[in-house]
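Here's final.txt, which has compact mmCIF, C-alpha atoms:
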```
# COMPACT_ATOMS: atom_id res chain seq x y z
CA MET A 1 96.36 59.33 -57.25
CA LEU A 2 98.57 57.00 -55.44
CA LYS A 3 101.03 58.23 -52.93
CA ALA A 4 104.59 57.19 -52.83
CA GLY A 5 105.01 53.65 -51.69
CA GLU A 6 101.32 52.65 -52.43
CA ARG A 7 100.12 50.36 -55.11
CA LEU A 8 96.76 49.40 -56.46
CA VAL A 9 95.58 45.84 -55.89
CA VAL A 10 92.60 44.53 -57.85
CA ARG A 11 90.77 41.40 -56.49
CA CYS A 12 88.63 39.33 -58.83
CA HIS A 13 85.53 37.60 -57.23
CA ASN A 14 84.44 34.15 -58.48
CA VAL A 15 80.70 34.58 -58.91
CA SER A 16 80.07 30.96 -59.87
CA ARG A 17 81.66 29.62 -56.71
CA ARG A 18 79.61 31.89 -54.51
CA ARG A 19 76.42 30.83 -56.16
CA LEU A 20 77.36 27.23 -55.67
CA LEU A 21 77.87 27.80 -51.98
CA ILE A 22 74.51 29.50 -51.65
CA TRP A 23 72.72 26.73 -53.48
CA ALA A 24 74.55 24.17 -51.43
CA ALA A 25 73.39 25.88 -48.24
CA ILE A 26 69.85 26.05 -49.52
CA LEU A 27 69.88 22.41 -50.54
CA GLY A 28 71.28 21.50 -47.13
CA VAL A 29 68.45 23.34 -45.38
CA VAL A 30 65.89 21.73 -47.65
CA ALA A 31 67.42 18.33 -47.07
CA VAL A 32 67.33 18.82 -43.32
CA PHE A 33 63.72 20.05 -43.50
CA ALA A 34 62.73 17.15 -45.73
CA ALA A 35 64.40 14.64 -43.46
CA GLY A 36 62.70 16.19 -40.45
CA TYR A 37 59.37 16.19 -42.26
CA PHE A 38 59.62 12.54 -43.25
CA VAL A 39 60.76 11.54 -39.77
CA GLY A 40 57.99 13.60 -38.21
CA ALA A 41 55.40 12.26 -40.62
CA LYS A 42 56.45 8.72 -39.83
CA THR A 43 56.30 9.37 -36.06
CA PHE A 44 52.94 11.12 -36.39
CA GLY A 45 51.58 8.23 -38.43
CA GLN A 46 52.70 5.78 -35.76
CA ALA A 47 51.12 7.94 -33.06
CA VAL A 48 47.86 8.14 -35.01
CA ALA A 49 47.86 4.37 -35.52
CA GLU A 50 48.57 3.76 -31.83
CA LYS A 51 45.81 6.21 -30.91
CA GLN A 52 43.35 4.44 -33.18
CA GLN A 53 44.36 1.08 -31.71
CA LEU A 54 43.93 2.41 -28.18
CA GLU A 55 40.52 3.81 -29.11
CA LYS A 56 39.49 0.41 -30.42
CA GLN A 57 40.71 -1.28 -27.24
CA LEU A 58 38.89 1.34 -25.17
CA ALA A 59 35.67 0.74 -27.11
CA VAL A 60 36.03 -3.01 -26.50
CA LEU A 61 36.69 -2.47 -22.78
CA GLU A 62 33.75 -0.08 -22.49
CA GLY A 63 31.52 -2.67 -24.15
CA ASP A 64 32.78 -5.38 -21.80
CA SER A 65 32.26 -3.05 -18.83
CA ALA A 66 28.70 -2.28 -19.93
CA ASP A 67 27.98 -6.00 -20.28
CA LEU A 68 29.40 -6.72 -16.83
CA GLU A 69 27.38 -3.86 -15.30
CA GLN A 70 24.21 -5.20 -16.90
CA GLN A 71 25.01 -8.70 -15.67
CA LEU A 72 25.53 -7.30 -12.17
CA VAL A 73 22.22 -5.40 -12.32
CA ASN A 74 20.45 -8.55 -13.53
CA ALA A 75 22.06 -10.61 -10.75
CA LEU A 76 21.07 -8.04 -8.11
CA MET A 77 17.52 -7.87 -9.43
CA ALA A 78 17.26 -11.65 -9.46
CA SER A 79 18.67 -11.80 -5.92
CA GLU A 80 16.20 -9.14 -4.72
CA ILE A 81 13.31 -10.93 -6.40
CA ASP A 82 14.37 -14.21 -4.78
CA ARG A 83 14.69 -12.48 -1.40
CA LEU A 84 11.24 -10.89 -1.68
CA ALA A 85 9.75 -14.15 -2.89
CA LEU A 86 11.30 -15.96 0.07
CA GLN A 87 9.95 -13.34 2.47
CA GLU A 88 6.47 -13.63 0.96
CA THR A 89 6.67 -17.41 1.16
CA ARG A 90 7.68 -17.24 4.82
CA LYS A 91 4.87 -14.79 5.56
CA GLU A 92 2.41 -17.04 3.78
CA VAL A 93 3.64 -20.09 5.73
CA VAL A 94 3.35 -18.20 9.03
CA SER A 95 -0.12 -16.97 8.06
CA LEU A 96 -1.22 -20.48 7.12
CA GLN A 97 0.17 -21.85 10.38
CA GLU A 98 -1.70 -19.18 12.35
CA GLN A 99 -4.90 -19.86 10.42
CA LEU A 100 -4.49 -23.60 10.98
CA SER A 101 -4.01 -23.00 14.69
CA LYS A 102 -7.13 -20.80 14.78
CA ASP A 103 -9.14 -23.36 12.83
CA GLU A 104 -8.05 -26.13 15.19
CA ALA A 105 -9.04 -23.97 18.17
CA GLU A 106 -12.39 -23.20 16.54
CA LEU A 107 -13.00 -26.86 15.83
CA LYS A 108 -12.17 -27.76 19.41
CA LEU A 109 -14.51 -25.06 20.65
CA TYR A 110 -17.35 -26.23 18.42
CA ARG A 111 -16.91 -29.80 19.56
CA ASN A 112 -16.96 -28.77 23.20
CA LEU A 113 -20.04 -26.64 22.65
CA MET A 114 -21.93 -29.45 20.96
CA GLN A 115 -20.75 -32.36 23.10
CA ASP A 116 -20.75 -30.98 26.64
CA ASP A 117 -23.63 -32.74 28.40
CA THR A 118 -22.90 -31.23 31.82
CA LEU A 119 -24.26 -27.78 31.00
CA PRO A 120 -27.62 -26.67 32.39
CA ASP A 121 -30.50 -26.05 30.01
CA GLY A 122 -31.24 -22.59 28.79
CA LEU A 123 -29.25 -19.56 27.72
CA LEU A 124 -25.59 -19.54 28.76
CA VAL A 125 -22.72 -17.08 28.70
CA ARG A 126 -20.26 -19.79 27.86
CA GLU A 127 -16.85 -18.15 27.45
CA LEU A 128 -14.89 -14.90 27.35
CA ALA A 129 -11.31 -15.22 26.08
CA LEU A 130 -8.89 -12.26 26.13
CA ARG A 131 -5.58 -12.01 24.30
CA ASP A 132 -3.02 -9.20 24.41
CA LEU A 133 -1.97 -7.96 20.98
CA THR A 134 1.48 -6.65 20.12
CA ASN A 135 0.24 -3.03 19.83
CA GLY A 136 -1.16 -2.90 23.35
CA GLU A 137 -4.74 -3.68 22.34
CA VAL A 138 -6.72 -6.68 23.54
CA ALA A 139 -8.57 -9.14 21.31
CA TYR A 140 -11.66 -10.79 22.77
CA ARG A 141 -13.90 -13.73 21.96
CA LEU A 142 -17.33 -13.99 23.59
CA VAL A 143 -19.41 -17.17 23.27
CA VAL A 144 -23.13 -17.24 24.06
CA GLN A 145 -24.92 -20.60 23.82
CA GLN A 146 -28.40 -22.07 23.90
CA ASN A 147 -28.48 -25.48 25.54
CA LYS A 148 -31.79 -27.30 25.12
CA SER A 149 -32.92 -30.68 24.00
CA SER A 150 -35.19 -29.14 21.38
CA LEU A 151 -33.54 -26.14 19.78
CA ARG A 152 -35.04 -23.37 17.71
CA PRO A 153 -33.57 -20.05 16.55
CA ILE A 154 -33.77 -17.36 19.23
CA SER A 155 -33.05 -13.62 19.40
CA VAL A 156 -30.70 -12.68 22.21
CA ARG A 157 -29.48 -9.41 23.69
CA VAL A 158 -26.04 -9.22 25.32
CA ASN A 159 -24.62 -6.40 27.42
CA VAL A 160 -20.91 -6.27 28.29
CA VAL A 161 -19.42 -3.92 30.91
CA ILE A 162 -15.74 -3.70 31.85
CA GLU A 163 -15.09 -2.59 35.42
CA GLY A 164 -11.80 -1.22 36.69
CA GLU A 165 -10.12 1.94 37.90
CA ILE A 166 -8.12 4.96 36.78
CA ASN A 167 -5.70 6.36 39.37
CA GLY A 168 -7.51 4.50 42.13
CA ILE A 169 -10.96 5.78 41.08
CA LYS A 170 -13.53 3.18 40.01
CA LYS A 171 -14.46 3.40 36.35
CA THR A 172 -16.70 1.34 34.05
CA PHE A 173 -16.95 1.17 30.26
CA THR A 174 -19.46 -0.60 28.06
CA LEU A 175 -17.91 -2.73 25.31
CA ASP A 176 -19.07 -0.44 22.50
CA ALA A 177 -17.06 2.43 24.04
CA LEU A 178 -13.85 0.41 23.70
CA ASP A 179 -14.48 -1.45 20.42
CA ASP A 180 -14.59 0.84 17.37
CA ASN A 181 -16.56 -1.74 15.38
CA LEU A 182 -19.52 -1.65 17.75
CA SER A 183 -22.03 1.18 17.51
CA SER A 184 -24.18 0.51 20.56
CA MET A 185 -25.10 -1.89 23.32
CA PRO A 186 -26.66 -4.35 23.95
CA LEU A 187 -25.49 -6.64 21.17
CA GLU A 188 -28.35 -8.10 19.11
CA LEU A 189 -27.74 -11.75 18.28
CA SER A 190 -29.75 -14.44 16.57
CA PHE A 191 -28.71 -18.09 16.60
CA LYS A 192 -29.89 -21.64 17.04
CA TYR A 193 -26.97 -23.27 18.82
CA PHE A 194 -24.40 -20.63 19.76
CA ASP A 195 -22.92 -17.30 18.68
CA ILE A 196 -19.30 -16.16 18.78
CA GLN A 197 -18.52 -12.45 18.94
CA ARG A 198 -14.98 -11.24 18.21
CA GLY A 199 -13.39 -7.82 18.36
CA VAL A 200 -10.56 -5.67 19.64
CA ILE A 201 -10.62 -3.59 22.82
CA LYS A 202 -8.67 -0.33 23.04
CA LEU A 203 -8.14 0.42 26.71
CA PRO A 204 -8.15 4.11 27.74
CA ALA A 205 -4.88 5.56 29.03
CA GLY A 206 -4.33 4.66 32.69
CA PHE A 207 -7.32 2.33 32.86
CA GLN A 208 -6.71 -0.88 34.82
CA PRO A 209 -9.49 -3.42 34.08
CA HIS A 210 -10.43 -5.92 36.79
CA VAL A 211 -13.74 -7.55 35.91
CA VAL A 212 -15.87 -8.08 32.80
CA ARG A 213 -19.61 -8.34 33.51
CA VAL A 214 -21.68 -10.07 30.81
CA GLU A 215 -25.51 -10.16 30.83
CA ALA A 216 -27.59 -12.06 28.27
CA TRP A 217 -31.35 -12.49 27.81
CA GLN A 218 -33.82 -13.61 25.20
CA GLU A 219 -35.67 -10.81 23.48
CA ASP A 220 -39.05 -12.14 24.56
CA LYS A 221 -37.86 -13.11 28.05
CA GLU A 222 -36.02 -10.03 29.30
CA SER A 223 -36.85 -10.78 32.91
CA ARG A 224 -34.94 -14.04 32.72
CA ARG A 225 -31.44 -12.65 32.45
CA VAL A 226 -28.28 -14.66 32.92
CA GLU A 227 -25.16 -12.96 34.21
CA ARG A 228 -21.54 -14.03 34.45
CA LEU A 229 -18.44 -12.28 35.78
CA PHE A 230 -15.03 -12.86 34.26
CA GLY A 231 -11.78 -11.79 35.88
CA TRP A 232 -9.58 -9.74 33.57
CA ARG A 233 -6.72 -11.93 32.46
CA ALA A 234 -5.45 -11.40 28.95
CA VAL A 235 -3.17 -14.07 27.55
CA ARG A 236 -0.11 -12.59 25.86
CA SER A 237 -0.03 -13.13 22.10
CA LYS A 238 2.86 -15.15 20.71
CA SER A 239 5.20 -13.04 18.52
```
Structure rendered as structure tokens:
Amino acid sequence: MLKAGERLVVRCHNVSRRRLLIWAAILGVVAVFAAGYFVGAKTFGQAVAEKQQLEKQLAVLEGDSADLEQQLVNALMASEIDRLALQETRKEVVSLQEQLSKDEAELKLYRNLMQDDTLPDGLLVRELALRDLTNGEVAYRLVVQQNKSSLRPISVRVNVVIEGEINGIKKTFTLDALDDNLSSMPLELSFKYFDIQRGVIKLPAGFQPHVVRVEAWQEDKESRRVERLFGWRAVRSKS
């Protein structure tokens, strides 16, 4: 019941208009979503294309880098091979020069041995040459010669003793004690004209050599010994 002064008001709602507004809102949201989707899809497609292009460029650069690295390795290997080849060539040249020098010295020695008419007849201790090596050892060359007008092969024994001192005390060593390639003394030689013995002497620690005493005799004429003393003077080897 209505009270005094009140009145009933009836409002009529327009259902069709409300539905239109709802659909309009929905369509607006869909439109915005669709626009965003298409824009995003386009941007994503561009990003994918750029990524693929960058990957292709990276693959090309990696290939170029691998080629350059291989070229560098090849160049380094070629340079190292050339360097080693040059070193070997230099070593060979030095070796040939040393051998030539030795051969010339040998030839000169042989000529002197065969052409020296001032030597007395008989067995001779002709030469003892000493040469310091770079490792502190001493190379030696001992020449024993037969000088006769009518030569025949002979058997000769040679004894070599090195005299010196250690800390002021006299000390002697036979050659076989200082040369690892000799097993015993005296040396047993057989020759017609001359014989050349070569080896390397390893001096004991503290030993100061002064004199080398060389004795030689024919096997069948032991009583007829020849002896020669050589002062110790080793020529320094050229480096």
- [ ] List every protein, DNA or RNA residue with an atom no more than 10 Å from (-26.9, -20.5, 26.1) in the file's coordinates, counting all atoms listed in the file, and format the result as a count of residues only.
- [x] 25
- [ ] Write out as a PyMOL selection string which residues come within 10 Å of segment 173-180 of chain A when counting only C-alpha atoms, dropping same-chain ones fewer than 4 positions away.
- [x] chain A and resi 138-139+159-164+184-187+199-204+209+212-214
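Here atom CA of Phe207 of chain A is placed at a distance of 14.3 Å from atom CA of Arg233 of chain A.
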Task: Which of A:Arg228, A:Arg157, A:Lys56, A:Lys51 sits closest to Leu128 of chain A [using all atoms listed in the file] - done: A:Arg228
For segment 75-78 of chain A, take all atoms listed in the file, fit an axis-aligned box around them, add 6 Å to each of the six sides, then output centre and edge lengths in Å rounded to one decimal, as AutoDock Vina command-line options.
```
--center_x 19.7 --center_y -9.8 --center_z -9.4 --size_x 16.8 --size_y 15.8 --size_z 14.6
```
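Using only C-alpha atoms, the nearest neighbour of Glu137 of chain A within the list A:Val60, A:Ala205, A:Arg83, A:Ser190 is A:Ala205.
Taking atom CA of Ser223 of chain A and atom CA of Ser155 of chain A as endpoints, the distance between them is 14.3 Å.
For the atom pair formed by atom CA of Ile154 of chain A and atom CA of Glu219 of chain A, the distance is 8.0 Å, given to one decimal.
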Open item on the list: Residues near Gly206 of chain A, anyone? I mean within 9 Å using all atoms listed in the file, not counting same-chain ones fewer than 4 positions away, as a list in words.
Closed with: Glu165, Ile166 and Asn167 of chain A
